[in-house]
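Colleague: One file: coords_36.txt (compact mmCIF, C-alpha atoms).
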```
# COMPACT_ATOMS: atom_id res chain seq x y z
CA MET A 1 -72.42 -5.27 -2.11
CA SER A 2 -71.79 -8.05 -4.63
CA SER A 3 -69.05 -6.03 -6.35
CA GLU A 4 -67.38 -5.55 -2.97
CA VAL A 5 -67.37 -9.32 -2.30
CA TRP A 6 -66.35 -10.05 -5.88
CA GLY A 7 -63.52 -7.53 -5.62
CA ARG A 8 -62.14 -9.21 -2.50
CA THR A 9 -62.57 -12.85 -3.60
CA PRO A 10 -59.70 -13.00 -6.10
CA GLY A 11 -57.30 -11.68 -3.45
CA ILE A 12 -58.42 -14.27 -0.93
CA ILE A 13 -58.23 -17.09 -3.47
CA SER A 14 -54.79 -16.07 -4.70
CA GLU A 15 -53.47 -15.88 -1.11
CA TRP A 16 -54.96 -19.29 -0.38
CA TRP A 17 -53.46 -20.71 -3.58
CA GLU A 18 -49.98 -19.40 -2.70
CA TRP A 19 -50.32 -20.95 0.76
CA VAL A 20 -51.39 -24.31 -0.76
CA LYS A 21 -48.50 -24.24 -3.25
CA ASP A 22 -45.96 -23.58 -0.48
CA ARG A 23 -47.39 -26.34 1.73
CA PHE A 24 -47.50 -28.80 -1.17
CA ARG A 25 -43.92 -27.97 -2.22
CA SER A 26 -42.71 -28.49 1.37
CA PHE A 27 -44.59 -31.77 1.62
CA LEU A 28 -43.13 -33.09 -1.64
CA GLN A 29 -39.60 -32.05 -0.69
CA ASP A 30 -39.88 -33.77 2.70
CA ALA A 31 -41.34 -36.90 1.12
CA SER A 32 -38.57 -36.97 -1.49
CA ARG A 33 -35.87 -36.61 1.15
CA ALA A 34 -37.41 -39.39 3.24
CA ALA A 35 -37.64 -41.70 0.21
CA ALA A 36 -34.00 -40.97 -0.72
CA ARG A 37 -32.87 -41.70 2.86
CA GLU A 38 -34.82 -44.95 2.87
CA LYS A 39 -33.35 -46.06 -0.47
CA LYS A 40 -29.84 -45.25 0.72
CA SER A 41 -30.44 -47.12 3.96
CA ASP A 42 -31.78 -50.15 2.06
CA PHE A 43 -28.73 -50.12 -0.20
CA MET A 44 -26.32 -49.88 2.72
CA GLN A 45 -28.09 -52.77 4.46
CA LEU A 46 -27.89 -54.91 1.33
CA GLN A 47 -24.23 -54.07 0.89
CA SER A 48 -23.33 -54.90 4.50
CA LYS A 49 -25.42 -58.10 4.35
CA LEU A 50 -23.53 -59.14 1.22
CA GLN A 51 -20.24 -58.47 2.99
CA ARG A 52 -21.28 -60.52 6.06
CA LEU A 53 -22.53 -63.40 3.91
CA PHE A 54 -19.32 -63.39 1.90
CA GLU A 55 -17.29 -63.58 5.11
CA LEU A 56 -19.46 -66.46 6.37
CA GLU A 57 -18.99 -68.27 3.08
CA LEU A 58 -15.23 -67.90 3.39
CA ARG A 59 -15.47 -69.52 6.83
CA GLY A 60 -17.27 -72.53 5.34
CA TRP A 61 -20.92 -71.72 5.99
CA GLU A 62 -23.55 -72.64 3.40
CA VAL A 63 -25.09 -69.27 2.42
CA ASP A 64 -25.65 -69.66 -1.33
CA ASP A 65 -29.40 -68.92 -1.23
CA GLU A 66 -28.98 -65.81 0.93
CA LEU A 67 -26.12 -64.59 -1.25
CA GLU A 68 -28.18 -64.99 -4.40
CA GLU A 69 -31.14 -63.15 -2.84
CA THR A 70 -28.88 -60.28 -1.72
CA ARG A 71 -27.22 -60.07 -5.12
CA LYS A 72 -30.65 -59.86 -6.76
CA GLY A 73 -31.57 -56.99 -4.42
CA LEU A 74 -28.38 -55.14 -5.34
CA ALA A 75 -28.95 -55.81 -9.05
CA GLU A 76 -32.42 -54.26 -8.76
CA HIS A 77 -30.90 -51.24 -7.00
CA PHE A 78 -28.39 -50.79 -9.82
CA ARG A 79 -31.13 -51.11 -12.47
CA GLU A 80 -33.10 -48.38 -10.70
CA GLU A 81 -30.01 -46.14 -10.53
CA SER A 82 -29.47 -46.69 -14.26
CA ARG A 83 -33.06 -45.66 -14.99
CA LYS A 84 -32.63 -42.53 -12.87
CA ILE A 85 -29.50 -41.50 -14.78
CA ILE A 86 -31.25 -41.89 -18.12
CA PHE A 87 -34.34 -40.03 -16.88
CA ARG A 88 -32.20 -37.22 -15.46
CA THR A 89 -30.34 -36.91 -18.76
CA ARG A 90 -33.60 -36.69 -20.67
CA THR A 91 -35.13 -34.10 -18.37
CA GLU A 92 -31.98 -31.97 -18.47
CA ASN A 93 -32.15 -31.95 -22.27
CA LEU A 94 -35.85 -31.13 -22.19
CA GLU A 95 -35.20 -28.27 -19.77
CA LYS A 96 -32.80 -26.83 -22.32
CA ASP A 97 -35.81 -26.32 -24.65
CA GLU A 98 -35.18 -29.48 -26.63
CA LYS A 99 -38.46 -31.10 -27.49
CA CYS A 100 -39.07 -34.76 -28.25
CA ASN A 101 -41.37 -35.29 -31.19
CA SER A 102 -41.35 -37.16 -34.49
CA ALA A 103 -39.08 -34.55 -36.10
CA HIS A 104 -36.53 -34.51 -33.28
CA THR A 105 -35.49 -37.53 -31.27
CA LEU A 106 -33.50 -37.32 -28.10
CA LEU A 107 -30.23 -39.25 -28.39
CA VAL A 108 -28.51 -40.52 -25.30
CA GLU A 109 -25.15 -42.19 -25.82
CA PHE A 110 -22.58 -43.63 -23.45
CA ARG A 111 -19.15 -45.11 -23.95
CA ASP A 112 -18.72 -48.70 -22.79
CA SER A 113 -15.65 -50.05 -20.98
CA GLU A 114 -13.84 -50.56 -24.32
CA GLY A 115 -14.51 -46.94 -25.33
CA ASN A 116 -17.16 -47.73 -27.96
CA LEU A 117 -20.08 -45.32 -28.22
CA GLN A 118 -23.35 -47.09 -27.37
CA SER A 119 -26.81 -45.73 -28.11
CA GLY A 120 -30.31 -47.08 -27.78
CA LYS A 121 -32.13 -47.89 -24.58
CA GLU A 122 -30.93 -51.49 -24.19
CA HIS A 123 -27.28 -50.70 -24.98
CA VAL A 124 -27.20 -47.66 -22.69
CA MET A 125 -28.86 -49.62 -19.87
CA ARG A 126 -26.23 -52.35 -20.28
CA VAL A 127 -23.37 -49.81 -20.18
CA VAL A 128 -24.71 -48.09 -17.06
CA THR A 129 -25.52 -51.39 -15.33
CA ASP A 130 -22.06 -52.77 -16.14
CA PHE A 131 -20.42 -49.58 -14.85
CA TYR A 132 -22.25 -49.63 -11.49
CA GLY A 133 -21.93 -53.40 -11.23
CA LYS A 134 -18.16 -53.15 -11.53
CA LEU A 135 -18.03 -50.11 -9.26
CA TYR A 136 -19.83 -51.82 -6.38
CA SER A 137 -18.77 -55.44 -6.90
CA LEU A 138 -16.50 -57.26 -4.52
CA LYS A 139 -12.92 -56.90 -5.61
CA SER A 140 -10.37 -59.63 -5.12
CA SER A 141 -7.19 -58.61 -3.38
CA GLU A 142 -3.88 -60.21 -2.76
CA ARG A 143 -3.62 -61.86 0.63
CA SER A 144 -0.23 -60.27 1.34
CA GLN A 145 -1.67 -56.76 0.85
CA VAL A 146 -4.58 -57.52 3.16
CA ASP A 147 -2.25 -58.98 5.80
CA SER A 148 0.09 -55.97 5.68
CA PHE A 149 -2.90 -53.63 6.07
CA LEU A 150 -4.35 -55.60 8.98
CA LYS A 151 -1.01 -55.56 10.83
CA CYS A 152 -1.38 -51.78 11.18
CA ILE A 153 -4.72 -52.07 12.97
CA SER A 154 -4.83 -52.33 16.74
CA LYS A 155 -6.29 -55.64 17.95
CA THR A 156 -7.59 -54.29 21.26
CA LEU A 157 -10.97 -52.75 21.89
CA ARG A 158 -11.20 -49.51 23.79
CA PRO A 159 -14.08 -49.04 26.21
CA SER A 160 -16.68 -46.60 24.91
CA LEU A 161 -16.30 -43.08 26.20
```
Would you kindly transcribe this structure into structure tokens?

Modeller:
Amino acid sequence: MSSEVWGRTPGIISEWWEWVKDRFRSFLQDASRAAAREKKSDFMQLQSKLQRLFELELRGWEVDDELEETRKGLAEHFREESRKIIFRTRTENLEKDEKCNSAHTLLVEFRDSEGNLQSGKEHVMRVVTDFYGKLYSLKSSERSQVDSFLKCISKTLRPSL
């Protein structure tokens, strides 16, 4: 009798374990997607808030404190993105069977805007932060180009369909 129960137990446990692994994997994937959507939504809100505040400032409103707070939020977002890039680079190298130990150190290098190769955590973080800061910063434009673009846009609103 006991051998019969013992013979069936590993099968039941292994089936249960496979079920738990599948459920856990699904849960983690859903949670990761939700977190990514939330981070993207937060970034888009910060970006649109910065745009609105900038437009209000151009119209003469006093929005310095709100602008500074929004810029700090965007700076934190860019720092987090920089950390993700470095982490992803490290994990990709580790997945290629490269091991980090005292005999072998993982080197991560980036070229800065002048083309110089930068290595070391602080230098790489600065390069990545500068890159994303320039990528997402407000760009100045010539007024004549903006005016010529705006002339092409219809000034009437259509009723929603």

Colleague: Stretch 45-60 of chain A: which residues within 9 Å, counting all atoms listed in the file, same-chain residues fewer than 6 positions away excluded, as a list in words?

Modeller: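 Result of the neighbour search: Glu66, Leu67, Thr70, Arg71, Gly73, Leu74, Tyr136 and Leu138 of chain A.
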
Colleague: How many Å lie between atom CA of A:Trp17 and atom CA of A:Ala34, rounded to one decimal?

Modeller: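 Between atom CA of A:Trp17 and atom CA of A:Ala34 the gap works out to 25.6 Å.
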
Colleague: Tell me, in Å to one decimal, how far atom CA of A:Ile86 is from atom CA of A:Glu69.

Modeller: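 Between atom CA of A:Ile86 and atom CA of A:Glu69 the gap works out to 26.2 Å.
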
Colleague: Quote the spacing between atom CA of A:Tyr132 and atom CA of A:Gln145 in Å to one decimal place.

Modeller: 25.0 Å

Colleague: Determine the nearest neighbour of A:Lys84 from the options A:Val128, A:Gly11, A:Gln29, A:Phe149, counting all atoms listed in the file.

Modeller: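 Closest residue, counting all atoms listed in the file: A:Val128.
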
Colleague: Quick one: everything within 12 Å of A:Leu135, counting only C-alpha atoms, minus sequence neighbours fewer than 5 positions away in the same chain. Send it as a list in words.

Modeller: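 Residues meeting the cut-off are Phe78, Ser113, Val128, Thr129 and Asp130 of chain A.
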
Colleague: For A:Val108, work out the shell of residues within 8 Å, counting all atoms listed in the file and skipping chain neighbours fewer than 6 positions away, then give it as a ChimeraX atom specification.

Modeller: /A:86,89-90,119-120,124

Colleague: Give the answer as one residue: which of A:Phe110, A:Phe43, A:Trp16, A:Trp61 has the shortest atom-to-atom distance to A:His77, using all atoms listed in the file?

Modeller: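 Among the listed residues, A:Phe43 lies closest to A:His77.
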
Colleague: Atoms are missing here; could stretch 16-44 of chain A be completed with N, CA and C atoms and written as a CSV table (one decimal), in the frame of the given file?

Modeller:
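Once everything was written out, this is selection16.csv:
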```csv
chain,number,residue,atom,x,y,z
A,16,TRP,N,-54.8,-17.9,-0.7
A,16,TRP,CA,-55.0,-19.3,-0.4
A,16,TRP,C,-54.1,-20.2,-1.3
A,17,TRP,N,-54.2,-19.9,-2.6
A,17,TRP,CA,-53.5,-20.7,-3.6
A,17,TRP,C,-51.9,-20.7,-3.3
A,18,GLU,N,-51.4,-19.5,-3.0
A,18,GLU,CA,-50.0,-19.4,-2.7
A,18,GLU,C,-49.6,-20.2,-1.5
A,19,TRP,N,-50.5,-20.2,-0.4
A,19,TRP,CA,-50.3,-21.0,0.8
A,19,TRP,C,-50.3,-22.4,0.4
A,20,VAL,N,-51.3,-22.9,-0.4
A,20,VAL,CA,-51.4,-24.3,-0.8
A,20,VAL,C,-50.1,-24.7,-1.5
A,21,LYS,N,-49.7,-23.9,-2.5
A,21,LYS,CA,-48.5,-24.2,-3.2
A,21,LYS,C,-47.3,-24.4,-2.3
A,22,ASP,N,-47.1,-23.5,-1.4
A,22,ASP,CA,-46.0,-23.6,-0.5
A,22,ASP,C,-46.0,-24.8,0.4
A,23,ARG,N,-47.2,-25.1,0.9
A,23,ARG,CA,-47.4,-26.3,1.7
A,23,ARG,C,-47.1,-27.6,0.9
A,24,PHE,N,-47.6,-27.6,-0.3
A,24,PHE,CA,-47.5,-28.8,-1.2
A,24,PHE,C,-46.0,-29.0,-1.6
A,25,ARG,N,-45.3,-27.9,-1.9
A,25,ARG,CA,-43.9,-28.0,-2.2
A,25,ARG,C,-43.1,-28.5,-1.0
A,26,SER,N,-43.4,-28.0,0.2
A,26,SER,CA,-42.7,-28.5,1.4
A,26,SER,C,-43.0,-30.0,1.6
A,27,PHE,N,-44.2,-30.4,1.4
A,27,PHE,CA,-44.6,-31.8,1.6
A,27,PHE,C,-43.8,-32.7,0.6
A,28,LEU,N,-43.8,-32.3,-0.6
A,28,LEU,CA,-43.1,-33.1,-1.6
A,28,LEU,C,-41.6,-33.1,-1.4
A,29,GLN,N,-41.0,-32.0,-1.0
A,29,GLN,CA,-39.6,-32.0,-0.7
A,29,GLN,C,-39.3,-33.0,0.5
A,30,ASP,N,-40.1,-32.9,1.5
A,30,ASP,CA,-39.9,-33.8,2.7
A,30,ASP,C,-40.1,-35.2,2.3
A,31,ALA,N,-41.1,-35.5,1.5
A,31,ALA,CA,-41.3,-36.9,1.1
A,31,ALA,C,-40.2,-37.4,0.2
A,32,SER,N,-39.7,-36.6,-0.6
A,32,SER,CA,-38.6,-37.0,-1.5
A,32,SER,C,-37.3,-37.2,-0.7
A,33,ARG,N,-37.0,-36.4,0.3
A,33,ARG,CA,-35.9,-36.6,1.2
A,33,ARG,C,-36.0,-37.9,1.9
A,34,ALA,N,-37.2,-38.2,2.5
A,34,ALA,CA,-37.4,-39.4,3.2
A,34,ALA,C,-37.3,-40.6,2.3
A,35,ALA,N,-37.8,-40.6,1.1
A,35,ALA,CA,-37.6,-41.7,0.2
A,35,ALA,C,-36.2,-41.9,-0.2
A,36,ALA,N,-35.4,-40.8,-0.4
A,36,ALA,CA,-34.0,-41.0,-0.7
A,36,ALA,C,-33.2,-41.6,0.5
A,37,ARG,N,-33.5,-41.1,1.7
A,37,ARG,CA,-32.9,-41.7,2.9
A,37,ARG,C,-33.2,-43.2,3.0
A,38,GLU,N,-34.4,-43.5,2.8
A,38,GLU,CA,-34.8,-45.0,2.9
A,38,GLU,C,-34.1,-45.8,1.8
A,39,LYS,N,-34.0,-45.3,0.6
A,39,LYS,CA,-33.4,-46.1,-0.5
A,39,LYS,C,-31.9,-46.2,-0.2
A,40,LYS,N,-31.3,-45.2,0.4
A,40,LYS,CA,-29.8,-45.2,0.7
A,40,LYS,C,-29.6,-46.2,1.9
A,41,SER,N,-30.5,-46.2,2.8
A,41,SER,CA,-30.4,-47.1,4.0
A,41,SER,C,-30.6,-48.6,3.5
A,42,ASP,N,-31.6,-48.8,2.6
A,42,ASP,CA,-31.8,-50.2,2.1
A,42,ASP,C,-30.5,-50.6,1.3
A,43,PHE,N,-29.9,-49.8,0.5
A,43,PHE,CA,-28.7,-50.1,-0.2
A,43,PHE,C,-27.6,-50.5,0.8
A,44,MET,N,-27.4,-49.6,1.8
A,44,MET,CA,-26.3,-49.9,2.7
A,44,MET,C,-26.5,-51.2,3.5
```
